[in-house]
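Okay, my_file-v4.txt now, which holds compact mmCIF, C-alpha atoms:
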# COMPACT_ATOMS: atom_id res chain seq x y z
CA MET A 9 33.56 -9.93 -7.71
CA ALA A 10 35.66 -11.13 -4.75
CA ALA A 11 34.98 -7.86 -2.93
CA ALA A 12 31.28 -8.13 -3.75
CA ARG A 13 31.16 -11.66 -2.41
CA ALA A 14 32.82 -10.57 0.82
CA GLU A 15 30.37 -7.68 1.20
CA ALA A 16 27.37 -9.97 0.70
CA ALA A 17 28.65 -12.58 3.15
CA ALA A 18 29.30 -9.92 5.81
CA TRP A 19 25.80 -8.49 5.39
CA PHE A 20 24.12 -11.89 5.67
CA ARG A 21 26.06 -12.48 8.87
CA SER A 22 25.03 -9.10 10.29
CA LEU A 23 21.38 -9.94 9.54
CA ARG A 24 21.80 -13.19 11.41
CA ASP A 25 23.13 -11.26 14.41
CA ARG A 26 20.21 -8.80 14.41
CA ILE A 27 17.61 -11.56 14.22
CA THR A 28 19.07 -13.72 16.99
CA GLU A 29 19.31 -10.64 19.23
CA ALA A 30 15.67 -9.73 18.52
CA PHE A 31 14.45 -13.28 19.18
CA GLU A 32 16.27 -13.48 22.51
CA ALA A 33 14.79 -10.11 23.46
CA LEU A 34 11.31 -11.46 22.67
CA GLU A 35 12.03 -14.45 24.94
CA ASP A 36 12.87 -12.01 27.75
CA GLU A 37 9.64 -10.10 27.10
CA ALA A 38 7.37 -13.16 27.04
CA VAL A 39 5.24 -14.34 29.89
CA ARG A 40 6.26 -17.76 31.08
CA CYS A 41 5.03 -20.38 28.66
CA THR A 42 2.09 -22.50 29.82
CA VAL A 43 3.64 -25.68 28.44
CA GLN A 44 7.10 -25.01 29.85
CA GLY A 45 5.94 -23.83 33.27
CA ASP A 46 8.73 -21.78 34.83
CA ALA A 47 11.06 -22.20 31.88
CA PRO A 48 13.77 -19.56 31.59
CA ALA A 49 13.95 -17.35 28.55
CA GLY A 50 15.41 -19.24 25.61
CA ARG A 51 18.93 -18.64 24.34
CA PHE A 52 20.65 -19.69 21.13
CA GLU A 53 23.26 -22.41 21.12
CA VAL A 54 25.89 -21.36 18.59
CA THR A 55 27.95 -23.97 16.77
CA PRO A 56 30.51 -23.53 13.97
CA THR A 57 29.80 -25.64 10.89
CA THR A 58 32.09 -26.88 8.13
CA ARG A 59 31.54 -28.12 4.62
CA GLY A 60 32.63 -31.71 4.18
CA GLY A 61 33.70 -31.83 7.80
CA THR A 62 37.12 -30.33 7.01
CA GLY A 63 36.55 -26.59 6.75
CA GLU A 64 38.45 -26.50 3.44
CA GLY A 65 35.24 -25.61 1.64
CA GLY A 66 34.14 -22.96 4.07
CA GLY A 67 31.45 -23.24 6.70
CA GLY A 68 29.25 -21.10 8.83
CA ILE A 69 27.39 -20.64 12.08
CA MET A 70 24.45 -22.75 13.24
CA SER A 71 22.36 -20.97 15.89
CA VAL A 72 19.53 -23.01 17.40
CA MET A 73 17.23 -22.23 20.32
CA ARG A 74 15.19 -25.05 21.83
CA GLY A 75 12.49 -25.05 24.48
CA GLY A 76 12.09 -21.30 24.86
CA ARG A 77 9.07 -19.43 26.15
CA VAL A 78 8.08 -18.32 22.64
CA PHE A 79 10.10 -20.57 20.33
CA GLU A 80 9.89 -24.34 20.69
CA LYS A 81 12.69 -24.56 18.14
CA VAL A 82 14.22 -21.86 15.95
CA GLY A 83 17.34 -21.96 13.84
CA VAL A 84 19.12 -19.00 12.29
CA ASN A 85 22.04 -20.22 10.20
CA TRP A 86 24.68 -18.29 8.28
CA SER A 87 27.10 -19.86 5.83
CA GLU A 88 29.83 -19.03 3.37
CA VAL A 89 30.95 -22.06 1.37
CA HIS A 90 32.98 -22.76 -1.75
CA GLY A 91 34.41 -25.64 -3.75
CA GLU A 92 33.49 -27.64 -6.82
CA LEU A 93 30.04 -28.94 -7.64
CA GLY A 94 29.64 -32.67 -8.12
CA PRO A 95 28.13 -34.16 -11.30
CA GLN A 96 24.56 -34.16 -9.98
CA ALA A 97 24.75 -30.53 -8.86
CA GLN A 98 26.44 -29.56 -12.14
CA ALA A 99 23.60 -31.12 -14.09
CA ALA A 100 21.03 -29.27 -11.98
CA MET A 101 22.81 -25.96 -12.56
CA ALA A 102 23.16 -26.59 -16.29
CA ALA A 103 19.45 -27.39 -16.49
CA ARG A 104 18.73 -23.98 -14.91
CA GLY A 105 20.79 -22.29 -17.62
CA VAL A 106 24.01 -21.58 -15.68
CA PRO A 107 26.69 -21.25 -18.40
CA GLY A 108 30.02 -23.08 -18.36
CA ILE A 109 29.37 -25.05 -15.19
CA GLU A 110 30.48 -28.38 -16.62
CA ALA A 111 33.76 -26.94 -17.90
CA ASP A 112 34.50 -25.11 -14.63
CA PRO A 113 32.41 -26.40 -11.71
CA ARG A 114 33.74 -24.03 -9.06
CA PHE A 115 31.15 -22.29 -6.89
CA TRP A 116 30.80 -19.92 -3.96
CA ALA A 117 27.67 -19.28 -1.93
CA SER A 118 26.69 -17.34 1.15
CA GLY A 119 23.42 -16.67 2.86
CA ILE A 120 21.19 -16.80 5.90
CA SER A 121 18.48 -19.40 6.49
CA LEU A 122 15.86 -19.22 9.25
CA VAL A 123 13.03 -21.47 10.36
CA ALA A 124 11.00 -20.92 13.54
CA HIS A 125 8.59 -23.40 15.13
CA MET A 126 6.59 -21.78 17.91
CA GLN A 127 5.40 -22.95 21.33
CA ASN A 128 1.91 -21.47 20.95
CA PRO A 129 -0.16 -23.14 18.20
CA HIS A 130 -1.71 -19.75 17.42
CA ALA A 131 1.69 -18.26 16.61
CA PRO A 132 2.70 -19.04 13.02
CA ALA A 133 5.80 -20.93 12.03
CA VAL A 134 7.94 -18.98 9.59
CA HIS A 135 10.78 -19.39 7.13
CA MET A 136 13.14 -16.82 5.62
CA ASN A 137 16.34 -16.93 3.63
CA THR A 138 18.45 -14.69 1.46
CA ARG A 139 21.55 -15.78 -0.42
CA MET A 140 24.07 -15.05 -3.14
CA PHE A 141 25.51 -17.70 -5.47
CA TRP A 142 28.55 -17.36 -7.74
CA THR A 143 30.12 -19.52 -10.43
CA PRO A 144 32.83 -18.48 -12.93
CA GLY A 145 30.12 -17.95 -15.54
CA ALA A 146 27.34 -16.36 -13.52
CA TRP A 147 26.14 -14.86 -10.22
CA TRP A 148 22.68 -14.39 -8.78
CA PHE A 149 20.64 -13.70 -5.66
CA GLY A 150 17.70 -15.57 -4.25
CA GLY A 151 15.53 -15.66 -1.18
CA GLY A 152 12.17 -14.90 0.30
CA ALA A 153 9.98 -15.61 3.30
CA ASP A 154 6.75 -17.51 3.89
CA LEU A 155 4.33 -17.84 6.79
CA ASN A 156 3.10 -21.24 7.98
CA PRO A 157 0.27 -20.98 10.54
CA CYS A 158 -1.69 -23.99 11.68
CA CYS A 159 -4.38 -21.60 12.95
CA GLU A 160 -4.68 -18.88 10.34
CA TYR A 161 -5.62 -15.31 11.24
CA GLY A 162 -6.44 -13.06 8.32
CA GLU A 163 -4.93 -9.98 9.94
CA ASP A 164 -1.62 -11.82 10.47
CA THR A 165 -1.50 -12.96 6.86
CA THR A 166 -2.30 -9.44 5.65
CA HIS A 167 0.40 -7.84 7.80
CA PHE A 168 3.05 -10.32 6.65
CA HIS A 169 2.27 -9.85 2.97
CA THR A 170 1.88 -6.07 3.22
CA THR A 171 5.31 -5.72 4.81
CA LEU A 172 6.96 -7.87 2.15
CA ARG A 173 5.15 -5.99 -0.58
CA ALA A 174 6.46 -2.66 0.69
CA ALA A 175 10.03 -4.02 0.53
CA CYS A 176 9.47 -5.20 -3.03
CA ASP A 177 7.75 -2.02 -4.21
CA ARG A 178 10.74 0.11 -3.24
CA HIS A 179 12.60 -1.58 -6.09
CA ASP A 180 10.08 -2.70 -8.70
CA GLU A 181 6.29 -2.79 -8.45
CA ASP A 182 6.33 -5.96 -10.52
CA TYR A 183 8.39 -7.82 -7.94
CA TYR A 184 5.71 -8.54 -5.34
CA PRO A 185 3.03 -10.03 -7.63
CA ARG A 186 5.70 -11.96 -9.51
CA PHE A 187 7.49 -13.30 -6.43
CA LYS A 188 4.25 -13.98 -4.55
CA GLU A 189 3.08 -16.18 -7.41
CA TRP A 190 6.47 -17.90 -7.42
CA ALA A 191 6.12 -18.58 -3.68
CA ASP A 192 2.62 -19.98 -4.17
CA GLU A 193 4.02 -22.40 -6.75
CA TYR A 194 7.23 -23.23 -4.90
CA PHE A 195 5.81 -23.80 -1.39
CA TYR A 196 3.21 -26.25 -2.66
CA ILE A 197 3.05 -29.92 -1.64
CA PRO A 198 1.96 -31.83 -4.76
CA HIS A 199 1.25 -35.14 -3.04
CA ARG A 200 -1.03 -33.34 -0.55
CA ARG A 201 -2.50 -31.03 -3.18
CA ARG A 202 -2.16 -28.05 -0.88
CA ALA A 203 0.18 -25.23 0.07
CA ARG A 204 2.27 -25.64 3.20
CA GLY A 205 1.19 -22.23 4.52
CA VAL A 206 -0.22 -18.85 3.48
CA GLY A 207 2.70 -17.93 1.26
CA GLY A 208 4.93 -14.91 1.04
CA ILE A 209 7.54 -14.25 -1.63
CA PHE A 210 10.18 -16.40 -3.29
CA TYR A 211 12.73 -15.56 -5.96
CA ASP A 212 15.84 -17.14 -7.42
CA ASP A 213 18.31 -16.57 -10.27
CA LEU A 214 17.99 -12.79 -9.78
CA ASN A 215 20.62 -11.14 -11.99
CA SER A 216 19.46 -7.92 -13.63
CA GLY A 217 23.02 -7.12 -14.66
CA ASP A 218 23.24 -4.55 -11.86
CA TRP A 219 24.83 -6.24 -8.84
CA GLU A 220 24.35 -3.25 -6.54
CA ALA A 221 20.64 -3.02 -7.34
CA ASP A 222 20.03 -6.74 -6.89
CA PHE A 223 21.98 -6.78 -3.62
CA ALA A 224 20.04 -3.75 -2.37
CA PHE A 225 16.77 -5.55 -3.07
CA THR A 226 17.99 -8.69 -1.32
CA ARG A 227 19.02 -6.63 1.70
CA ASP A 228 15.56 -5.07 1.86
CA VAL A 229 13.93 -8.52 1.74
CA GLY A 230 16.10 -9.64 4.65
CA ALA A 231 15.54 -6.43 6.61
CA ALA A 232 11.75 -6.72 6.15
CA PHE A 233 11.62 -10.03 8.00
CA LEU A 234 11.57 -8.77 11.58
CA PRO A 235 8.90 -6.09 10.93
CA ALA A 236 6.83 -8.71 9.08
CA PHE A 237 7.06 -11.44 11.72
CA LEU A 238 7.77 -10.06 15.19
CA PRO A 239 4.38 -8.32 15.62
CA LEU A 240 2.65 -11.63 14.86
CA ALA A 241 4.75 -13.60 17.34
CA ARG A 242 4.23 -10.93 19.99
CA ARG A 243 0.45 -10.85 19.36
CA ARG A 244 0.00 -14.62 19.65
CA MET A 245 2.64 -15.76 22.16
CA GLY A 246 0.40 -15.33 25.21
CA GLN A 247 -2.84 -16.55 23.64
CA GLY A 248 -4.51 -19.53 25.30
CA TRP A 249 -4.72 -22.85 23.47
CA THR A 250 -6.31 -26.27 23.80
CA ASP A 251 -5.14 -29.84 23.31
CA ASP A 252 -6.92 -29.79 19.94
CA ASP A 253 -4.91 -26.70 18.94
CA ARG A 254 -1.69 -28.49 19.85
CA ASP A 255 -2.73 -31.55 17.88
CA ALA A 256 -3.47 -29.40 14.82
CA GLN A 257 -0.04 -27.78 15.20
CA LEU A 258 1.78 -31.13 15.25
CA VAL A 259 -0.12 -32.39 12.20
CA HIS A 260 0.69 -29.18 10.35
CA ARG A 261 4.35 -29.64 11.21
CA GLY A 262 4.18 -33.01 9.50
CA LEU A 263 3.35 -31.17 6.28
CA TYR A 264 6.34 -28.89 6.82
CA ALA A 265 8.66 -31.84 7.34
CA GLU A 266 7.37 -33.60 4.23
CA TYR A 267 7.96 -30.54 2.09
CA ASN A 268 11.47 -29.86 3.34
CA LEU A 269 12.61 -33.44 2.98
CA VAL A 270 11.06 -34.12 -0.41
CA TYR A 271 10.94 -30.84 -2.34
CA ASP A 272 13.01 -28.07 -0.79
CA ARG A 273 15.81 -26.97 -3.14
CA GLY A 274 18.03 -25.66 -0.35
CA THR A 275 17.88 -28.94 1.57
CA LYS A 276 18.83 -30.90 -1.53
CA PHE A 277 21.69 -28.54 -2.39
CA GLY A 278 23.10 -28.51 1.13
CA LEU A 279 23.19 -32.28 1.38
CA ALA A 280 24.53 -32.69 -2.19
CA THR A 281 27.43 -30.30 -1.50
CA ALA A 282 28.46 -31.98 1.78
CA HIS A 283 27.53 -29.14 4.12
CA ASP A 284 27.00 -30.02 7.79
CA PRO A 285 23.82 -32.17 7.76
CA ASP A 286 22.69 -30.89 11.16
CA ALA A 287 22.77 -27.34 9.79
CA VAL A 288 20.99 -28.36 6.57
CA LEU A 289 18.25 -30.19 8.48
CA MET A 290 17.88 -27.45 11.11
CA SER A 291 14.53 -26.59 9.50
CA LEU A 292 12.81 -29.75 10.72
CA PRO A 293 10.39 -29.32 13.64
CA PRO A 294 11.23 -30.74 17.08
CA LEU A 295 7.93 -32.66 17.23
CA ALA A 296 5.43 -33.58 14.52
CA LYS A 297 2.73 -36.13 13.90
CA TRP A 298 0.74 -37.63 11.09
CA ALA A 299 -2.99 -38.21 11.29
So that I can check it, write out the structure of this file as structure tokens.
Amino acid sequence: MAAARAEAAAWFRSLRDRITEAFEALEDEAVRCTVQGDAPAGRFEVTPTTRGGTGEGGGGIMSVMRGGRVFEKVGVNWSEVHGELGPQAQAAMAARGVPGIEADPRFWASGISLVAHMQNPHAPAVHMNTRMFWTPGAWWFGGGADLNPCCEYGEDTTHFHTTLRAACDRHDEDYYPRFKEWADEYFYIPHRRRARGVGGIFYDDLNSGDWEADFAFTRDVGAAFLPAFLPLARRRMGQGWTDDDRDAQLVHRGLYAEYNLVYDRGTKFGLATAHDPDAVLMSLPPLAKWA
């Protein structure tokens, strides 16, 4: 399993590299942003991260672009961390059915996490992650992607879902309906009684007993992200907007912030396991408001 872990971590990092390169290329392609005037094309700031501040538990790469022509803020983080789970995390894992975690709380995890908040209110915000988790008693994959427009366009939603469905169908025709429903349930804000966006797919605890098959599916989910999202960003990045559109965008970002701080499993796990808090909270928007 050590070789499998290394292979997964290397692939997640290569996906991170492909996405950051594609996003910087889109910045070069974009017309100069109305809000930013003559702003130069955005570039990622890359910072190493450590778990617990020491590096003894692994770390990763935090890549954040701010104030670009297309992206107001986008983070594409990669991590590979290990150590022992604390009592709270052990209890959470045991409640999910992970065997032997209290007797041997060692863990290893690697993955990529992405959140993009756009300059143009007509361009949808988006989230994607894929990951592998290992304990002495179990291993599994998880991930998914969801679209979060403040101004919804039916054709954008259809394209995003169709692309994700094609990735799922290559492996199991039951995956898309199952993981779409899971996303609809997971990316829901109970105190607002509404979804945070138009959904996508979400899955966790994926262990069919065939590591190669589950890893192949997870790779296809990650590889589907750029074809699912880039055409939407390109279509909307030059579209005109009004002050009312911008106001709607900032209010919608408030919903996103509420969800990530109160409900998101990845945020809770990252903070509970002492990963770099700036990397964990990378998903928060640069500006938001509440009505």
**Of the listed residues A:Ala38, A:Ala287, A:Leu122, A:Phe223, that which approaches A:Thr55 most closely, counting all atoms listed in the file** =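 Answer, going by the shortest atom-to-atom distance: A:Ala287.
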Report as a short mmCIF file (atom, residue, chain, number, x, y, z; two decimals) with C-alpha atoms, in the frame of the given file all protein, DNA and RNA residues lying within 6 Å of A:Tyr211, evaluated on all atoms listed in the file, omitting residues in the same chain fewer than 4 positions from it.
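Written out: part17.cif:
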data_model
loop_
_atom_site.label_atom_id
_atom_site.label_comp_id
_atom_site.auth_asym_id
_atom_site.auth_seq_id
_atom_site.Cartn_x
_atom_site.Cartn_y
_atom_site.Cartn_z
CA GLY A 150 17.70 -15.57 -4.25
CA GLY A 151 15.53 -15.66 -1.18
CA PHE A 187 7.49 -13.30 -6.43
#
**Message:** So the first atom is atom CA of A:Glu29 and the second is atom CA of A:Leu289; what is the distance between them in Å, to one decimal place?
**Reply:**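 Distance between the two atoms: 22.3 Å.
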**Item:** Atom-to-atom span, atom CA of A:Glu80 and atom CA of A:Thr57, Å
**Value:**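 We find that atom CA of A:Glu80 and atom CA of A:Thr57 lie 22.2 Å from each other.
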Report as JSON the centre and the edge lengths, in Å to one decimal, of the axis-aligned box holding every listed atom of stretch 123-132 of chain A, padded by 6 Å on each side.
{"center_x": 5.7, "center_y": -20.8, "center_z": 15.8, "size_x": 26.7, "size_y": 17.1, "size_z": 23.0}
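Counting from atom CA of A:Gly75, the distance to atom CA of A:Gly50 is 6.6 Å.
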**Item:** Which residue of A:Gly248, A:His90, A:Leu263, A:Glu35 approaches A:Arg201 most closely, using all atoms listed in the file
**Value:**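 Closest to A:Arg201, using all atoms listed in the file: A:Leu263.
Close contacts of A:Glu15, defined as residues with an atom at most 12 Å away when counting all atoms listed in the file, with chain neighbours fewer than 5 positions off set aside, comprise Met9, Ala10, Phe20, Arg21, Ser22, Glu88, Ser118, Gly119, Met140, Trp219, Glu220, Phe223, Ala224 and Arg227 of chain A.
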**Asked** With all atoms listed in the file as the atoms that count, which of A:Arg186, A:His130, A:Arg273, A:Arg59 lies nearest to A:Asp253?
**Response**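 Closest residue, counting all atoms listed in the file: A:His130.
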May I have the residues at most 7 Å from (7.4, -32.3, 14.4) in the file's coordinates, counting all atoms listed in the file, as a PDB file with C-alpha atoms, in the coordinates of the input?
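Listed below is the output, part.pdb:
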ATOM      1  CA  LEU A 258       1.780 -31.130  15.250  1.00  0.00           C
ATOM      2  CA  ARG A 261       4.350 -29.640  11.210  1.00  0.00           C
ATOM      3  CA  GLY A 262       4.180 -33.010   9.500  1.00  0.00           C
ATOM      4  CA  PRO A 293      10.390 -29.320  13.640  1.00  0.00           C
ATOM      5  CA  PRO A 294      11.230 -30.740  17.080  1.00  0.00           C
ATOM      6  CA  LEU A 295       7.930 -32.660  17.230  1.00  0.00           C
ATOM      7  CA  ALA A 296       5.430 -33.580  14.520  1.00  0.00           C
ATOM      8  CA  LYS A 297       2.730 -36.130  13.900  1.00  0.00           C
TER       9      LYS A 297
END
**Request:** List the neighbours of A:Pro107 out to 9 Å using all atoms listed in the file; skip same-chain residues closer than 3 positions along the sequence, and give me the result as a PyMOL selection string.
**Result:** chain A and resi 101-102+110+143-146
Please write the residues from the selection above to a file, keeping C-alpha atoms, as a PDB file, in the frame of the given file.
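Okay, this is what ended up in out_24.pdb:
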ATOM      1  CA  MET A 101      22.810 -25.960 -12.560  1.00  0.00           C
ATOM      2  CA  ALA A 102      23.160 -26.590 -16.290  1.00  0.00           C
ATOM      3  CA  GLU A 110      30.480 -28.380 -16.620  1.00  0.00           C
ATOM      4  CA  THR A 143      30.120 -19.520 -10.430  1.00  0.00           C
ATOM      5  CA  PRO A 144      32.830 -18.480 -12.930  1.00  0.00           C
ATOM      6  CA  GLY A 145      30.120 -17.950 -15.540  1.00  0.00           C
ATOM      7  CA  ALA A 146      27.340 -16.360 -13.520  1.00  0.00           C
TER       8      ALA A 146
END
What would the file be for stretch 70-136 of chain A if you keep C-alpha atoms and write it as a CSV table (one decimal), in the first residue's frame?
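Final file, part-v4.csv:
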chain,number,residue,atom,x,y,z
A,70,MET,CA,-0.9,26.1,-1.4
A,71,SER,CA,-1.4,27.9,-4.7
A,72,VAL,CA,-3.5,31.1,-4.6
A,73,MET,CA,-4.2,33.7,-7.3
A,74,ARG,CA,-5.8,37.0,-6.2
A,75,GLY,CA,-7.1,39.9,-8.3
A,76,GLY,CA,-6.8,38.3,-11.7
A,77,ARG,CA,-8.7,39.3,-14.8
A,78,VAL,CA,-10.9,36.2,-14.6
A,79,PHE,CA,-10.4,34.9,-11.0
A,80,GLU,CA,-10.9,37.3,-8.1
A,81,LYS,CA,-9.5,34.5,-5.9
A,82,VAL,CA,-8.7,30.9,-6.7
A,83,GLY,CA,-6.9,28.3,-4.6
A,84,VAL,CA,-5.5,25.0,-5.9
A,85,ASN,CA,-4.0,23.1,-3.0
A,86,TRP,CA,-2.2,19.8,-2.9
A,87,SER,CA,-1.3,17.9,0.3
A,88,GLU,CA,0.2,14.7,1.6
A,89,VAL,CA,-0.1,14.4,5.4
A,90,HIS,CA,0.3,11.7,8.0
A,91,GLY,CA,0.4,11.2,11.7
A,92,GLU,CA,-2.0,10.1,14.4
A,93,LEU,CA,-5.7,11.2,14.7
A,94,GLY,CA,-6.7,12.9,17.9
A,95,PRO,CA,-9.6,11.6,20.1
A,96,GLN,CA,-12.3,13.7,18.3
A,97,ALA,CA,-11.1,12.6,14.8
A,98,GLN,CA,-10.9,9.0,16.0
A,99,ALA,CA,-14.5,9.2,17.2
A,100,ALA,CA,-15.6,10.6,13.9
A,101,MET,CA,-13.8,7.9,12.0
A,102,ALA,CA,-15.2,5.1,14.2
A,103,ALA,CA,-18.7,6.5,13.7
A,104,ARG,CA,-18.2,6.2,10.0
A,105,GLY,CA,-17.3,2.5,10.4
A,106,VAL,CA,-13.5,2.7,10.0
A,107,PRO,CA,-12.2,-0.4,11.8
A,108,GLY,CA,-9.5,-0.4,14.4
A,109,ILE,CA,-9.0,3.3,14.5
A,110,GLU,CA,-9.0,3.6,18.3
A,111,ALA,CA,-6.5,0.9,18.7
A,112,ASP,CA,-4.2,2.3,16.0
A,113,PRO,CA,-4.9,5.9,15.1
A,114,ARG,CA,-2.3,6.3,12.5
A,115,PHE,CA,-3.5,7.9,9.2
A,116,TRP,CA,-2.2,9.1,5.8
A,117,ALA,CA,-4.0,11.3,3.4
A,118,SER,CA,-3.3,13.0,0.1
A,119,GLY,CA,-5.4,15.0,-2.3
A,120,ILE,CA,-6.1,18.2,-4.3
A,121,SER,CA,-8.7,20.8,-3.2
A,122,LEU,CA,-9.8,23.7,-5.4
A,123,VAL,CA,-12.1,26.6,-5.0
A,124,ALA,CA,-12.5,29.5,-7.5
A,125,HIS,CA,-14.3,32.8,-6.9
A,126,MET,CA,-14.7,34.7,-10.1
A,127,GLN,CA,-14.5,38.4,-11.0
A,128,ASN,CA,-17.6,38.4,-13.3
A,129,PRO,CA,-20.8,37.7,-11.4
A,130,HIS,CA,-22.1,35.8,-14.4
A,131,ALA,CA,-19.2,33.3,-14.2
A,132,PRO,CA,-19.9,30.6,-11.6
A,133,ALA,CA,-17.8,29.8,-8.6
A,134,VAL,CA,-16.7,26.2,-8.4
A,135,HIS,CA,-15.3,23.6,-6.1
A,136,MET,CA,-13.5,20.4,-6.8
